[in-house]
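Chemist: My structure file protein_1.txt, compact mmCIF, C-alpha atoms and all ligand atoms, is below:
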```
# COMPACT_ATOMS: atom_id res chain seq x y z
CA MET A 1404 102.39 128.45 150.21
CA ALA A 1405 103.05 132.13 150.26
CA GLU A 1406 100.76 134.35 152.22
CA THR A 1407 99.89 137.66 150.61
CA TRP A 1408 98.90 140.98 152.09
CA SER A 1409 97.36 143.90 150.31
CA GLY A 1410 96.90 147.41 151.53
CA GLU A 1411 98.78 150.63 151.99
CA PHE A 1412 102.54 150.77 151.88
CA TYR A 1413 104.60 153.90 152.28
CA CYS A 1414 106.88 154.45 149.31
CA VAL A 1415 110.08 156.24 150.34
CA LYS A 1416 110.75 157.29 146.76
CA CYS A 1417 107.32 158.76 146.00
CA LYS A 1418 106.98 159.92 149.63
CA GLU A 1419 103.39 158.81 149.39
CA LYS A 1420 101.24 155.88 150.41
CA ARG A 1421 100.59 153.34 147.69
CA GLU A 1422 98.09 150.55 147.45
CA ALA A 1423 99.90 147.34 146.63
CA GLU A 1424 99.78 143.61 147.13
CA GLY A 1425 102.80 141.69 148.30
CA GLU A 1426 104.16 138.58 149.89
CA VAL A 1427 104.31 138.14 153.65
CA LYS A 1428 107.72 137.17 155.05
CA VAL A 1429 108.71 136.43 158.61
CA ASN A 1430 112.18 137.52 159.65
CA ASP A 1431 114.46 135.81 162.18
CA LYS A 1432 112.97 137.86 165.02
CA GLY A 1433 109.49 136.58 164.22
CA THR A 1434 108.29 139.88 162.81
CA ARG A 1435 105.92 139.62 159.88
CA MET A 1436 106.79 141.87 156.97
CA ALA A 1437 104.90 142.48 153.76
CA LYS A 1438 107.01 143.02 150.68
CA ALA A 1439 105.62 144.62 147.55
CA VAL A 1440 106.61 146.83 144.67
CA CYS A 1441 105.39 150.38 144.19
CA PRO A 1442 102.98 150.41 141.21
CA HIS A 1443 104.09 153.95 140.44
CA CYS A 1444 107.91 153.87 140.52
CA GLY A 1445 108.85 150.21 140.96
CA THR A 1446 110.62 150.70 144.29
CA ASN A 1447 110.51 147.81 146.73
CA LEU A 1448 108.09 148.45 149.55
CA ASN A 1449 108.22 146.98 153.02
CA ARG A 1450 105.66 147.13 155.73
CA ILE A 1451 105.95 145.71 159.23
CA LEU A 1452 102.82 143.79 160.14
CA GLY A 1453 103.84 142.86 163.67
CA LYS A 1454 104.74 139.70 165.53
CA ALA A 1455 103.60 136.40 164.10
ZN ZN A 1501 106.90 154.77 144.53
```
What is this structure when it is put down as structure tokens?
Modeler:
Amino acid sequence: MAETWSGEFYCVKCKEKREAEGEVKVNDKGTRMAKAVCPHCGTNLNRILGKA
């Protein structure tokens, strides 16, 4: 059961904020990350959401 998060991500390629929806992942340090794809250029976007 994948958790999703939608909101603003910063795209390093566009150098702009993009609205996107992505999957929430938790890394080995317990930090929640949202992963999405830029709707404009297709670059992978990551956003740190904070500790779980
Ligand atoms: Zn982009």
Chemist: Counting only C-alpha atoms, which residue out of A:Ser1409, A:Met1436, A:Lys1454, A:Asn1447 sits closest to Glu1422 (chain A)?
Modeler: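 Residue with the minimum atom-to-atom distance to Glu1422 (chain A): A:Ser1409.
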Chemist: In Å, rounded to a single decimal, give me how far CA of Lys1420 (chain A) is from CA of Lys1432 (chain A).
Modeler: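 A separation of 26.0 Å between them.
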Chemist: Show me, as a Markdown table, the residues of chain A having an atom within 12 Å of ligand ZN 1501 (chain A), each with the closest atom pair and its distance in Å, using only C-alpha atoms and all ligand atoms.
Modeler:
```
| residue | atom | partner | partner_atom | distance |
| --- | --- | --- | --- | --- |
| A:Glu1411 | CA | A:ZN1501 | ZN | 11.8 |
| A:Phe1412 | CA | A:ZN1501 | ZN | 9.4 |
| A:Tyr1413 | CA | A:ZN1501 | ZN | 8.1 |
| A:Cys1414 | CA | A:ZN1501 | ZN | 4.8 |
| A:Val1415 | CA | A:ZN1501 | ZN | 6.8 |
| A:Lys1416 | CA | A:ZN1501 | ZN | 5.1 |
| A:Cys1417 | CA | A:ZN1501 | ZN | 4.3 |
| A:Lys1418 | CA | A:ZN1501 | ZN | 7.2 |
| A:Glu1419 | CA | A:ZN1501 | ZN | 7.2 |
| A:Lys1420 | CA | A:ZN1501 | ZN | 8.2 |
| A:Arg1421 | CA | A:ZN1501 | ZN | 7.2 |
| A:Glu1422 | CA | A:ZN1501 | ZN | 10.2 |
| A:Ala1423 | CA | A:ZN1501 | ZN | 10.4 |
| A:Ala1439 | CA | A:ZN1501 | ZN | 10.7 |
| A:Val1440 | CA | A:ZN1501 | ZN | 7.9 |
| A:Cys1441 | CA | A:ZN1501 | ZN | 4.7 |
| A:Pro1442 | CA | A:ZN1501 | ZN | 6.7 |
| A:His1443 | CA | A:ZN1501 | ZN | 5.0 |
| A:Cys1444 | CA | A:ZN1501 | ZN | 4.2 |
| A:Gly1445 | CA | A:ZN1501 | ZN | 6.1 |
| A:Thr1446 | CA | A:ZN1501 | ZN | 5.5 |
| A:Asn1447 | CA | A:ZN1501 | ZN | 8.1 |
| A:Leu1448 | CA | A:ZN1501 | ZN | 8.2 |
| A:Asn1449 | CA | A:ZN1501 | ZN | 11.6 |
```
Chemist: So how far away is CA of Lys1428 (chain A) from CA of Glu1406 (chain A), in Å?
Modeler: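 Taking CA of Glu1406 (chain A) as the start and CA of Lys1428 (chain A) as the end point, the length is 8.0 Å.
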Chemist: Between CA of Arg1435 (chain A) and CA of Gly1410 (chain A), what distance in Å does the model show, to one decimal?
Modeler: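 CA of Gly1410 (chain A) lies 14.6 Å from CA of Arg1435 (chain A).
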Chemist: Taking 5 positions as the minimum chain separation for residues in the same chain, which residues sit within 10 Å of Thr1407 (chain A) when counting only C-alpha atoms? Answer as a list of chain:residue names.
Modeler: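 Final neighbour list, sorted by chain and number: A:Glu1424, A:Gly1425, A:Glu1426, A:Val1427, A:Lys1428, A:Ala1437, A:Lys1438, A:Ala1439.
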